[in-house]
>>> print(open('input17.cif').read())   # mmCIF, C-alpha atoms
data_run
loop_
_atom_site.label_atom_id
_atom_site.label_comp_id
_atom_site.auth_asym_id
_atom_site.auth_seq_id
_atom_site.Cartn_x
_atom_site.Cartn_y
_atom_site.Cartn_z
CA MET A 1 -70.22 208.98 -105.62
CA ALA A 2 -72.64 206.79 -107.41
CA THR A 3 -75.20 209.54 -107.11
CA GLU A 4 -73.67 211.24 -110.09
CA ASP A 5 -74.82 208.47 -112.37
CA VAL A 6 -78.22 209.68 -113.29
CA THR A 7 -80.04 207.81 -115.96
CA GLY A 8 -82.05 209.68 -118.48
CA GLU A 9 -85.23 208.29 -117.02
CA GLN A 10 -84.36 209.39 -113.52
CA ALA A 11 -83.41 212.79 -114.75
CA ALA A 12 -86.73 213.04 -116.51
CA GLN A 13 -88.56 212.07 -113.36
CA ARG A 14 -86.73 214.71 -111.44
CA ALA A 15 -87.36 217.25 -114.08
CA ILE A 16 -91.07 216.93 -113.44
CA ALA A 17 -90.64 216.87 -109.70
CA PRO A 18 -92.52 219.56 -107.80
CA VAL A 19 -91.01 222.92 -108.46
CA PRO A 20 -89.90 223.68 -104.89
CA ARG A 21 -87.26 221.00 -105.03
CA LEU A 22 -85.49 222.86 -107.75
CA VAL A 23 -85.50 226.22 -106.11
CA PRO A 24 -81.95 227.09 -105.16
CA ILE A 25 -80.88 227.24 -101.55
CA LEU A 26 -80.15 230.92 -101.69
CA THR A 27 -83.82 231.71 -101.44
CA LEU A 28 -83.59 230.45 -97.90
CA ALA A 29 -80.76 232.68 -96.89
CA SER A 30 -82.95 235.22 -95.20
CA ARG A 31 -86.17 234.57 -93.42
CA SER A 32 -87.24 238.09 -94.06
CA ASP A 33 -87.29 237.43 -97.76
CA PRO A 34 -90.74 236.89 -99.11
CA PRO A 35 -91.00 233.25 -100.08
CA HIS A 36 -90.95 232.13 -103.67
CA THR A 37 -89.76 235.39 -105.12
CA SER A 38 -87.10 235.72 -107.77
CA PRO A 39 -84.84 232.81 -107.04
CA PRO A 40 -81.27 233.60 -107.97
CA VAL A 41 -80.11 232.01 -111.18
CA VAL A 42 -77.89 229.15 -110.19
CA GLU A 43 -77.73 225.57 -111.24
CA PRO A 44 -80.48 223.37 -109.92
CA VAL A 45 -79.42 220.82 -107.38
CA VAL A 46 -80.94 217.78 -109.01
CA GLU A 47 -77.78 216.11 -110.14
CA ARG A 48 -76.40 216.16 -106.61
CA ALA A 49 -79.42 214.62 -105.04
CA THR A 50 -79.42 211.08 -103.82
CA GLU A 51 -82.19 208.92 -105.10
CA PRO A 52 -84.73 209.19 -102.27
CA ASP A 53 -86.01 205.70 -102.96
CA VAL A 54 -82.92 204.10 -101.49
CA GLU A 55 -83.89 205.42 -98.11
CA PRO A 56 -85.87 203.15 -95.79
CA ALA A 57 -89.58 203.31 -96.38
CA PRO A 58 -90.70 205.17 -93.21
CA GLU A 59 -88.00 207.64 -94.09
CA PRO A 60 -88.35 210.57 -91.78
CA ALA A 61 -84.70 211.02 -92.63
CA LEU A 62 -83.73 214.46 -93.71
CA THR A 63 -87.08 215.43 -95.03
CA ALA A 64 -87.90 218.75 -93.64
CA ASP A 65 -90.15 220.62 -95.94
CA GLY A 66 -93.04 220.73 -93.56
CA PRO A 67 -93.53 223.36 -90.91
CA VAL A 68 -91.13 223.34 -88.05
CA GLU A 69 -92.73 222.24 -84.88
CA SER A 70 -92.63 225.39 -82.94
CA ASP A 71 -91.75 225.29 -79.34
CA ASP A 72 -92.36 227.60 -76.52
CA PRO A 73 -94.65 230.51 -77.24
CA GLY A 74 -93.21 232.31 -74.27
CA THR A 75 -93.98 233.20 -70.72
CA THR A 76 -97.63 233.72 -71.30
CA GLY A 77 -97.71 229.96 -71.26
CA THR A 78 -101.42 230.03 -71.71
CA SER A 79 -101.27 228.30 -75.02
CA ALA A 80 -99.30 225.45 -76.46
CA ALA A 81 -100.56 226.33 -79.89
CA PRO A 82 -98.16 225.95 -82.78
CA ALA A 83 -96.42 228.93 -84.27
CA ALA A 84 -98.41 231.62 -85.92
CA PRO A 85 -99.06 230.90 -89.59
CA GLU A 86 -96.79 233.64 -90.88
CA GLU A 87 -93.96 232.21 -88.84
CA ARG A 88 -94.50 228.82 -90.37
CA GLU A 89 -94.34 230.09 -93.89
CA HIS A 90 -90.76 231.08 -93.45
CA THR A 91 -89.63 227.85 -91.95
CA GLY A 92 -90.91 225.70 -94.77
CA ARG A 93 -88.00 224.21 -96.60
CA LEU A 94 -87.88 224.50 -100.34
CA VAL A 95 -85.01 222.13 -100.88
CA ARG A 96 -84.69 218.70 -99.43
CA PRO A 97 -81.79 218.87 -97.00
CA TYR A 98 -80.06 215.85 -98.49
CA ALA A 99 -79.81 217.71 -101.75
CA MET A 100 -77.37 220.08 -100.08
CA THR A 101 -75.10 217.32 -98.91
CA GLY A 102 -75.17 214.95 -101.84
CA GLY A 103 -77.21 212.51 -99.79
CA ARG A 104 -74.76 212.17 -96.96
CA THR A 105 -75.89 212.47 -93.39
CA ALA A 106 -74.07 213.51 -90.27
CA ALA A 107 -73.45 209.85 -89.53
CA ASP A 108 -70.93 209.84 -92.36
CA VAL A 109 -68.81 212.59 -90.89
CA ALA A 110 -66.83 213.00 -87.76
CA THR A 111 -69.20 214.50 -85.26
CA ILE A 112 -68.68 218.16 -84.60
CA SER A 113 -70.36 219.27 -81.41
CA LEU A 114 -73.11 221.88 -81.59
CA GLU A 115 -71.07 224.40 -79.66
CA ALA A 116 -67.78 223.77 -81.50
CA GLN A 117 -66.21 227.03 -82.59
CA ILE A 118 -65.65 227.27 -86.30
CA GLN A 119 -63.68 229.84 -88.23
CA VAL A 120 -62.33 230.35 -91.72
CA SER A 121 -58.75 229.25 -92.00
CA GLY A 122 -57.68 232.25 -94.02
CA THR A 123 -56.76 230.12 -96.97
CA GLN A 124 -59.07 228.85 -99.60
CA PRO A 125 -57.88 225.79 -101.45
CA ALA A 126 -56.78 226.68 -104.97
CA GLY A 127 -59.30 225.96 -107.65
CA LYS A 128 -62.19 225.59 -105.23
CA VAL A 129 -65.25 227.71 -105.73
CA TYR A 130 -67.91 227.24 -103.11
CA ARG A 131 -71.51 227.74 -103.92
CA TRP A 132 -74.62 228.52 -102.04
CA GLU A 133 -74.76 227.30 -98.50
CA ALA A 134 -71.03 226.52 -98.34
CA ALA A 135 -70.20 230.06 -99.41
CA ARG A 136 -72.67 231.39 -96.87
CA ILE A 137 -71.06 229.36 -94.11
CA LEU A 138 -67.61 230.65 -95.04
CA GLN A 139 -68.99 234.18 -94.91
CA LEU A 140 -70.52 233.64 -91.48
CA ALA A 141 -67.39 232.05 -90.08
CA ILE A 142 -65.09 235.04 -90.66
CA THR A 143 -65.08 235.33 -86.89
CA PRO A 144 -65.43 232.23 -84.69
CA ILE A 145 -68.98 230.95 -84.58
CA ALA A 146 -70.57 227.84 -83.15
CA LEU A 147 -71.91 225.11 -85.43
CA ILE A 148 -75.42 225.66 -84.09
CA GLU A 149 -75.26 229.35 -84.81
CA LEU A 150 -74.06 228.70 -88.35
CA SER A 151 -77.03 226.43 -88.79
CA ALA A 152 -79.46 229.03 -87.48
CA ARG A 153 -78.02 232.01 -89.32
CA ALA A 154 -77.74 230.18 -92.62
CA SER A 155 -81.17 228.55 -92.14
CA ILE A 156 -79.75 225.10 -92.69
CA PRO A 157 -80.70 222.13 -90.52
CA ILE A 158 -78.02 221.21 -88.02
CA GLY A 159 -77.19 217.87 -89.59
CA VAL A 160 -76.70 219.46 -92.98
CA ALA A 161 -74.56 222.26 -91.59
CA ARG A 162 -72.42 219.65 -89.90
CA VAL A 163 -71.78 217.82 -93.16
CA ILE A 164 -70.89 221.00 -95.02
CA VAL A 165 -68.62 222.25 -92.24
CA SER A 166 -66.91 218.89 -92.18
CA ASP A 167 -66.30 219.08 -95.92
CA LEU A 168 -64.98 222.62 -95.73
CA ALA A 169 -62.71 221.66 -92.85
CA GLY A 170 -61.50 218.72 -94.92
CA ASP A 171 -60.66 221.13 -97.73
CA GLY A 172 -58.78 223.34 -95.32
CA ALA A 173 -61.12 226.30 -95.80
CA LEU A 174 -62.50 226.10 -92.26
CA VAL A 175 -60.92 225.27 -88.95
CA VAL A 176 -62.91 223.57 -86.27
CA GLN A 177 -61.15 225.14 -83.36
CA ARG A 178 -59.72 223.19 -80.56
CA PRO A 179 -60.29 225.36 -77.52
CA PRO A 180 -57.34 226.05 -75.26
CA THR A 181 -57.11 223.25 -72.78
CA GLN A 182 -57.92 223.89 -69.18
CA PRO A 183 -55.80 222.40 -66.44
CA THR A 184 -58.88 220.70 -65.00
CA TYR A 185 -62.60 220.56 -65.43
CA THR A 186 -62.86 222.01 -61.94
CA SER A 187 -61.02 225.14 -62.95
CA LEU A 188 -63.20 225.47 -66.03
CA LEU A 189 -66.35 225.24 -63.90
CA GLU A 190 -64.91 227.76 -61.47
CA LYS A 191 -64.27 230.16 -64.33
CA VAL A 192 -67.80 229.66 -65.62
CA LEU A 193 -69.17 230.28 -62.15
CA ALA A 194 -67.19 233.47 -61.78
CA GLY A 195 -68.41 234.46 -65.22
CA VAL A 196 -72.11 233.94 -64.57
CA ARG A 197 -71.88 235.63 -61.19
CA ALA A 198 -70.44 238.66 -62.91
CA LEU A 199 -73.35 238.89 -65.37
CA MET B 1 -52.52 231.86 -103.28
CA SER B 2 -55.33 231.72 -105.74
CA ALA B 3 -57.48 234.65 -106.65
CA HIS B 4 -60.35 233.02 -104.84
CA SER B 5 -58.66 233.39 -101.52
CA ASP B 6 -58.93 237.17 -101.47
CA ASN B 7 -62.32 237.08 -99.83
CA PHE B 8 -61.04 234.99 -97.00
CA HIS B 9 -58.28 237.19 -95.72
CA ASN B 10 -60.24 239.07 -93.14
CA ASN B 11 -58.85 236.74 -90.58
CA THR B 12 -55.91 238.52 -89.05
CA ASN B 13 -54.54 235.40 -87.50
CA ALA B 14 -51.05 234.90 -88.82
CA THR B 15 -50.40 231.62 -87.14
CA PHE B 16 -52.79 229.41 -89.03
CA PRO B 17 -53.16 226.45 -88.84
CA ASN B 18 -52.62 226.83 -85.11
CA VAL B 19 -55.55 227.71 -82.97
CA PRO B 20 -56.26 231.39 -83.46
CA PRO B 21 -56.00 233.60 -80.40
CA THR B 22 -59.70 234.31 -80.66
CA ALA B 23 -60.60 230.72 -79.84
CA LYS B 24 -62.90 230.59 -76.89
CA ILE B 25 -63.90 227.68 -74.77
CA PRO B 26 -67.49 226.81 -75.57
CA VAL B 27 -69.59 225.48 -72.72
CA LYS B 28 -73.24 224.59 -72.84
CA VAL B 29 -76.24 224.41 -70.62
CA VAL B 30 -79.44 222.61 -71.57
CA VAL B 31 -82.73 224.31 -70.76
CA ALA B 32 -85.49 221.73 -70.91
CA GLY B 33 -89.18 222.01 -70.28
CA GLY B 34 -92.61 221.40 -71.73
CA PHE B 35 -94.20 223.44 -74.48
CA GLY B 36 -94.98 226.89 -73.22
CA ALA B 37 -93.07 226.41 -69.97
CA GLY B 38 -90.97 229.45 -70.81
CA LYS B 39 -87.69 227.99 -72.03
CA THR B 40 -87.11 230.42 -74.82
CA THR B 41 -88.13 233.35 -72.66
CA PHE B 42 -85.73 232.09 -70.05
CA VAL B 43 -82.90 231.86 -72.56
CA GLY B 44 -83.79 235.24 -74.05
CA ALA B 45 -83.76 236.95 -70.67
CA ILE B 46 -80.04 236.41 -70.25
CA SER B 47 -78.68 235.77 -73.73
CA GLU B 48 -76.66 238.55 -75.30
CA ILE B 49 -78.17 237.75 -78.66
CA GLU B 50 -81.82 237.36 -79.54
CA PRO B 51 -82.47 233.64 -79.19
CA LEU B 52 -81.85 231.97 -82.51
CA ARG B 53 -83.75 229.05 -83.88
CA SER B 54 -82.11 226.10 -85.48
CA GLU B 55 -83.74 223.05 -86.91
CA ALA B 56 -82.86 219.53 -86.02
CA VAL B 57 -84.04 217.00 -88.51
CA MET B 58 -84.50 213.50 -87.31
CA THR B 59 -82.28 211.11 -89.21
CA SER B 60 -83.21 207.55 -89.98
CA ALA B 61 -80.82 206.49 -87.24
CA SER B 62 -83.03 208.15 -84.69
CA THR B 63 -86.26 206.51 -85.78
CA ASP B 64 -85.44 203.70 -83.41
CA VAL B 65 -85.10 206.14 -80.59
CA ASP B 66 -87.87 208.53 -81.35
CA ASP B 67 -91.22 206.99 -80.71
CA LEU B 68 -93.54 208.20 -83.41
CA ALA B 69 -96.51 206.33 -82.04
CA PHE B 70 -98.05 209.52 -80.74
CA THR B 71 -97.21 211.62 -83.71
CA ALA B 72 -98.73 209.57 -86.46
CA ASP B 73 -100.45 212.60 -87.93
CA LYS B 74 -97.29 214.64 -88.07
CA THR B 75 -96.11 215.47 -91.55
CA THR B 76 -92.63 216.40 -90.51
CA THR B 77 -90.02 215.27 -88.07
CA THR B 78 -88.27 218.57 -87.84
CA VAL B 79 -88.03 220.14 -84.44
CA ALA B 80 -86.93 223.61 -83.60
CA MET B 81 -84.32 224.32 -81.02
CA ASP B 82 -83.84 227.80 -79.67
CA PHE B 83 -80.56 228.85 -78.23
CA GLY B 84 -78.80 231.87 -76.82
CA ARG B 85 -75.22 232.83 -76.18
CA ILE B 86 -73.38 234.66 -73.41
CA GLY B 87 -69.72 235.60 -73.41
CA LEU B 88 -68.11 235.01 -70.03
CA GLY B 89 -64.92 236.95 -69.61
CA ASP B 90 -62.43 236.83 -72.45
CA ASP B 91 -62.19 233.17 -73.07
CA ILE B 92 -65.46 231.40 -72.39
CA VAL B 93 -68.65 231.43 -74.38
CA LEU B 94 -71.74 229.86 -72.86
CA TYR B 95 -74.55 228.47 -74.99
CA LEU B 96 -78.00 227.93 -73.60
CA PHE B 97 -79.99 225.35 -75.53
CA GLY B 98 -83.74 225.28 -75.15
CA THR B 99 -85.13 221.85 -75.86
CA PRO B 100 -88.62 220.40 -75.66
CA GLY B 101 -89.14 218.31 -72.56
CA GLN B 102 -91.18 215.45 -73.94
CA GLU B 103 -89.78 212.01 -74.19
CA ARG B 104 -90.03 211.89 -77.93
CA TYR B 105 -87.23 214.44 -78.18
CA HIS B 106 -84.76 212.07 -76.59
CA PHE B 107 -82.81 211.92 -79.80
CA MET B 108 -81.87 215.55 -79.31
CA TRP B 109 -81.10 215.30 -75.63
CA ASN B 110 -78.33 212.80 -76.18
CA GLU B 111 -76.50 215.23 -78.35
CA LEU B 112 -77.34 218.23 -76.20
CA SER B 113 -76.30 216.76 -72.91
CA ARG B 114 -73.04 215.37 -74.23
CA GLY B 115 -70.45 217.67 -72.72
CA ALA B 116 -73.02 219.97 -71.14
CA ILE B 117 -71.98 221.38 -67.80
CA GLY B 118 -75.53 221.00 -66.58
CA ALA B 119 -79.21 221.44 -67.23
CA ILE B 120 -82.08 223.59 -66.10
CA VAL B 121 -85.58 222.13 -66.11
CA VAL B 122 -88.15 224.88 -66.48
CA VAL B 123 -91.43 223.90 -64.89
CA ASP B 124 -94.91 225.23 -65.44
CA THR B 125 -96.87 224.20 -62.35
CA ARG B 126 -100.06 223.89 -64.38
CA ARG B 127 -98.44 221.13 -66.41
CA LEU B 128 -96.03 219.41 -64.12
CA GLY B 129 -96.18 216.21 -66.11
CA ASP B 130 -94.45 217.86 -69.07
CA CYS B 131 -91.13 217.81 -67.31
CA PHE B 132 -91.07 214.30 -65.86
CA ALA B 133 -89.22 212.87 -68.85
CA ALA B 134 -86.54 215.55 -68.73
CA ILE B 135 -85.95 215.05 -65.01
CA ASP B 136 -85.71 211.28 -65.46
CA TYR B 137 -83.32 211.74 -68.32
CA PHE B 138 -80.91 214.07 -66.56
CA GLU B 139 -81.02 211.95 -63.43
CA SER B 140 -80.22 208.76 -65.28
CA ARG B 141 -77.43 210.35 -67.31
CA GLN B 142 -76.04 212.07 -64.24
CA VAL B 143 -76.24 215.47 -65.80
CA PRO B 144 -76.29 218.01 -62.94
CA PHE B 145 -79.57 219.86 -63.08
CA VAL B 146 -81.68 222.33 -61.19
CA VAL B 147 -85.42 222.90 -61.38
CA ALA B 148 -86.69 226.40 -62.09
CA ILE B 149 -90.36 226.91 -61.37
CA ASN B 150 -91.54 229.59 -63.72
CA THR B 151 -93.58 232.14 -61.83
CA PHE B 152 -95.81 233.41 -64.57
CA HIS B 153 -96.70 236.97 -63.75
CA GLY B 154 -95.28 236.58 -60.30
CA GLU B 155 -97.74 233.91 -59.23
CA ARG B 156 -96.34 231.47 -56.75
CA THR B 157 -99.21 229.10 -56.51
CA HIS B 158 -97.28 226.25 -54.97
CA ASP B 159 -94.60 225.69 -52.39
CA VAL B 160 -91.27 224.38 -53.50
CA THR B 161 -91.73 221.49 -51.08
CA ASP B 162 -95.02 220.49 -52.68
CA ILE B 163 -93.60 220.65 -56.15
CA ARG B 164 -90.53 218.73 -55.08
CA GLU B 165 -92.75 216.01 -53.79
CA ALA B 166 -94.95 215.97 -56.86
CA LEU B 167 -91.92 215.75 -59.15
CA GLN B 168 -90.12 213.26 -56.92
CA VAL B 169 -86.98 215.32 -57.10
CA PRO B 170 -84.38 214.44 -54.46
CA ASN B 171 -83.47 217.05 -51.86
CA HIS B 172 -79.98 217.64 -53.12
CA VAL B 173 -81.32 218.96 -56.43
CA PRO B 174 -81.75 222.72 -56.15
CA MET B 175 -85.24 223.96 -56.92
CA LEU B 176 -86.23 227.58 -57.04
CA HIS B 177 -88.88 229.96 -58.29
CA ALA B 178 -87.91 232.26 -61.12
CA ASP B 179 -89.71 234.57 -63.48
CA ALA B 180 -88.36 233.55 -66.88
CA ARG B 181 -88.65 237.14 -68.08
CA ASP B 182 -86.52 238.52 -65.30
CA ARG B 183 -82.84 238.66 -66.09
CA LEU B 184 -81.71 238.69 -62.47
CA GLU B 185 -83.87 235.74 -61.50
CA VAL B 186 -82.69 233.79 -64.52
CA LYS B 187 -79.12 234.66 -63.61
CA THR B 188 -79.72 233.31 -60.11
CA VAL B 189 -80.92 230.04 -61.59
CA LEU B 190 -77.85 229.86 -63.80
CA VAL B 191 -75.49 230.60 -60.90
CA THR B 192 -77.26 227.96 -58.81
CA MET B 193 -76.90 225.46 -61.60
CA VAL B 194 -73.17 226.03 -62.04
CA GLU B 195 -72.62 225.92 -58.28
CA HIS B 196 -74.51 222.66 -58.17
CA ALA B 197 -72.46 221.24 -61.05
CA LEU B 198 -69.27 222.27 -59.28
CA THR B 199 -70.38 220.70 -56.00
CA ILE B 200 -71.22 217.44 -57.74
CA HIS B 201 -68.02 217.46 -59.71
CA ARG B 202 -65.92 218.05 -56.60
CA ALA B 203 -67.72 215.29 -54.75
CA THR B 204 -67.23 212.81 -57.59
CA SER B 205 -63.56 213.72 -58.06
CA ALA B 206 -62.93 213.36 -54.35
CA ALA B 207 -64.62 209.99 -54.32
CA ALA B 208 -62.65 208.78 -57.32
#
>>> encode(input="input17.cif", output="structure tokens")
Amino acid sequence: MATEDVTGEQAAQRAIAPVPRLVPILTLASRSDPPHTSPPVVEPVVERATEPDVEPAPEPALTADGPVESDDPGTTGTSAAPAAPEEREHTGRLVRPYAMTGGRTAADVATISLEAQIQVSGTQPAGKVYRWEAARILQLAITPIALIELSARASIPIGVARVIVSDLAGDGALVVQRPPTQPTYTSLLEKVLAGVRAL
Amino acid sequence: MSAHSDNFHNNTNATFPNVPPTAKIPVKVVVAGGFGAGKTTFVGAISEIEPLRSEAVMTSASTDVDDLAFTADKTTTTVAMDFGRIGLGDDIVLYLFGTPGQERYHFMWNELSRGAIGAIVVVDTRRLGDCFAAIDYFESRQVPFVVAINTFHGERTHDVTDIREALQVPNHVPMLHADARDRLEVKTVLVTMVEHALTIHRATSAAA
């Protein structure tokens, strides 16, 4: 990828970029962690980052370091107020999502549905060492888990999780499971109906 | 086998790369509604896990779709999506996706409703307007849906007929009151939704 060619000037610019960009992903692994404390010592992500300037100017793309728009305070329903401040603190992103994917977006990869079941293949390609979020995803996928749940549990935006899962599947480390086929959609719906009735 | 692979042997499946026996069929249901309508509570009432929150970040591709005219002061285009999960029998796992009901979240609905067996629109009668966009969307995409009127604290301030008229929802679309906190009532909504989806599916297959 051309993104590896970083000129000295660009590198210098990045070096003085706001500190949060350089904080490793692992600090996001748990929302219960206090923010900004003792980031693990791993390589900074700068050299993997795409030059943001190549993005279109309005560029809402993959920038997510603001507070998450909170939805649904609950049944009280008396207030549509945004999330409580302490909740927001934990959802602030310290690393630009595109830094985790080398600048690629989900549009580059075959689309994996949100509910697709993902599991480790049981073999890790020789010579591959996965870092950070990829390693976390492999850990979470020891038993089958949906893409959306990987995203939530690893605190990675869905689009980013999709790119990483796609890469890991390409390497053979993960399997995106093809569910057993049903004879018909009708029989699937009937099974679902029986299932929800039995709840 | 490299030394690195040792951590990845917890999988007992011996038949890789075939589909492991643990593979379940994932199905999904979209739960849409305005802010504070009770979507997450609804999902939480029946989910076997605490509802989880995932972030969807709008990509540049969706800027065409997502109208930012009303969100000019927003500093982020990240939206949160809450979801729950229920195992049904041995081989099906049902995901319930809570999604904001406003039109500007269209970019998420496309993805959510693709392959969904149906949708539930959660309505807060004090803010009926919040769910118009969701109803229009599911109608136009022919996603089977039911309307659940959230009875906050047991209040049933309006008749179903009145609400049906106000929302312009056709008679064949099931509409029922439900307390989003009550597991049994939520279950009833879910059962109604799947029955409705099955009825529609049978009708369309017969017609085809």
>>> closest_residue(input="input17.cif", among="A:Lys191, A:Thr143, A:Leu150, A:Ala198", to="Val165 (chain A)", atoms="all atoms listed in the file")
A:Leu150
>>> resolve_selection(input="input17.cif", expression="the PyMOL selection byres ((chain A and resi 195) around 10)", output="PyMOL selection string")
(chain A and resi 189-194+196-199) or (chain B and resi 86-90+92-94+191)
>>> closest_residue(input="input17.cif", among="A:Thr184, A:Thr111, A:Gly170, A:Ala152", to="Ile137 (chain A)", atoms="all atoms listed in the file")
A:Ala152
>>> residues_around(input="input17.cif", residues="Thr186 (chain A)", least_positions_apart="4", cutoff="8 Å", atoms="only C-alpha atoms", output="list in words")
Glu190 of chain A; Leu198, His201 and Arg202 of chain B
>>> atom_distance(input="input17.cif", atom1="CA of Ser113 (chain A)", atom2="CA of Ala23 (chain B)")
15.1 Å
>>> resolve_selection(input="input17.cif", expression="the PyMOL selection byres ((chain B and resi 49) around 12)", output="number ranges by chain")
A: 149; B: 43-48, 50-53, 82-87, 94-96
>>> residues_around(input="input17.cif", residues="Met193 (chain B)", least_positions_apart="2", cutoff="9 Å", atoms="all atoms listed in the file", output="VMD selection string")
chain B and resid 117 to 120 144 to 147 174 188 to 191 195 to 198
>>> closest_residue(input="input17.cif", among="A:Ile145, A:Ile158, A:Ile112, A:Asp171", to="chain B", atoms="only C-alpha atoms")
A:Ile158
>>> closest_residue(input="input17.cif", among="A:Gln177, A:Ala135, A:Leu140, A:Leu147", to="chain B", atoms="only C-alpha atoms")
A:Gln177
>>> atom_distance(input="input17.cif", atom1="CA of Trp132 (chain A)", atom2="CA of Val163 (chain A)")
14.2 Å
>>> atom_distance(input="input17.cif", atom1="CA of Arg104 (chain B)", atom2="CA of Phe42 (chain B)")
22.1 Å
>>> closest_residue(input="input17.cif", among="B:Thr41, B:Ala148, B:Gln142, B:Pro26", to="Arg183 (chain B)", atoms="only C-alpha atoms")
B:Thr41
>>> residues_around(input="input17.cif", residues="region 164-166 of chain B", least_positions_apart="2", cutoff="12 Å", atoms="only C-alpha atoms", output="PyMOL selection string")
chain B and resi 123+125+127-129+131-132+135+146-149+158-162+168-177
>>> closest_residue(input="input17.cif", among="A:Gln124, A:Ser166, A:Arg131, A:Ala141", to="chain B", atoms="only C-alpha atoms")
A:Gln124
>>> resolve_selection(input="input17.cif", expression="the PyMOL selection byres ((chain B and resi 99) around 7)", output="PyMOL selection string")
chain B and resi 31-33+81+97-98+100-101
>>> decode(input="input17.cif", residues="region 152-157 of chain A", atoms="all heavy atoms", output="mmCIF file, in the first residue's frame")
data_model
loop_
_atom_site.group_PDB
_atom_site.id
_atom_site.type_symbol
_atom_site.label_atom_id
_atom_site.label_comp_id
_atom_site.auth_asym_id
_atom_site.auth_seq_id
_atom_site.Cartn_x
_atom_site.Cartn_y
_atom_site.Cartn_z
ATOM 1 N N ALA A 152 -18.822 -4.816 19.442
ATOM 2 C CA ALA A 152 -19.185 -4.253 20.745
ATOM 3 C C ALA A 152 -18.197 -4.666 21.826
ATOM 4 O O ALA A 152 -17.756 -3.846 22.618
ATOM 5 C CB ALA A 152 -20.596 -4.688 21.117
ATOM 6 N N ARG A 153 -17.852 -5.951 21.856
ATOM 7 C CA ARG A 153 -17.009 -6.440 22.946
ATOM 8 C C ARG A 153 -15.569 -5.962 22.820
ATOM 9 O O ARG A 153 -14.862 -5.831 23.808
ATOM 10 C CB ARG A 153 -17.078 -7.963 23.034
ATOM 11 C CG ARG A 153 -18.468 -8.468 23.408
ATOM 12 C CD ARG A 153 -18.435 -9.836 24.068
ATOM 13 N NE ARG A 153 -19.766 -10.355 24.305
ATOM 14 C CZ ARG A 153 -20.482 -10.122 25.402
ATOM 15 N NH1 ARG A 153 -19.966 -9.400 26.393
ATOM 16 N NH2 ARG A 153 -21.690 -10.617 25.534
ATOM 17 N N ALA A 154 -15.132 -5.718 21.594
ATOM 18 C CA ALA A 154 -13.770 -5.217 21.411
ATOM 19 C C ALA A 154 -13.740 -3.688 21.356
ATOM 20 O O ALA A 154 -12.678 -3.102 21.195
ATOM 21 C CB ALA A 154 -13.161 -5.813 20.142
ATOM 22 N N SER A 155 -14.916 -3.059 21.469
ATOM 23 C CA SER A 155 -15.015 -1.595 21.373
ATOM 24 C C SER A 155 -14.382 -1.061 20.096
ATOM 25 O O SER A 155 -13.571 -0.145 20.126
ATOM 26 C CB SER A 155 -14.363 -0.925 22.585
ATOM 27 O OG SER A 155 -14.967 -1.361 23.758
ATOM 28 N N ILE A 156 -14.743 -1.661 19.014
ATOM 29 C CA ILE A 156 -14.259 -1.239 17.697
ATOM 30 C C ILE A 156 -15.493 -0.940 16.855
ATOM 31 O O ILE A 156 -16.432 -1.721 16.866
ATOM 32 C CB ILE A 156 -13.463 -2.380 17.012
ATOM 33 C CG1 ILE A 156 -12.275 -2.817 17.859
ATOM 34 C CG2 ILE A 156 -12.982 -1.941 15.629
ATOM 35 C CD1 ILE A 156 -11.572 -4.041 17.300
ATOM 36 N N PRO A 157 -15.498 0.179 16.132
ATOM 37 C CA PRO A 157 -16.661 0.437 15.274
ATOM 38 C C PRO A 157 -16.899 -0.712 14.292
ATOM 39 O O PRO A 157 -15.960 -1.393 13.875
ATOM 40 C CB PRO A 157 -16.277 1.710 14.520
ATOM 41 C CG PRO A 157 -15.256 2.367 15.373
ATOM 42 C CD PRO A 157 -14.511 1.257 16.060
#
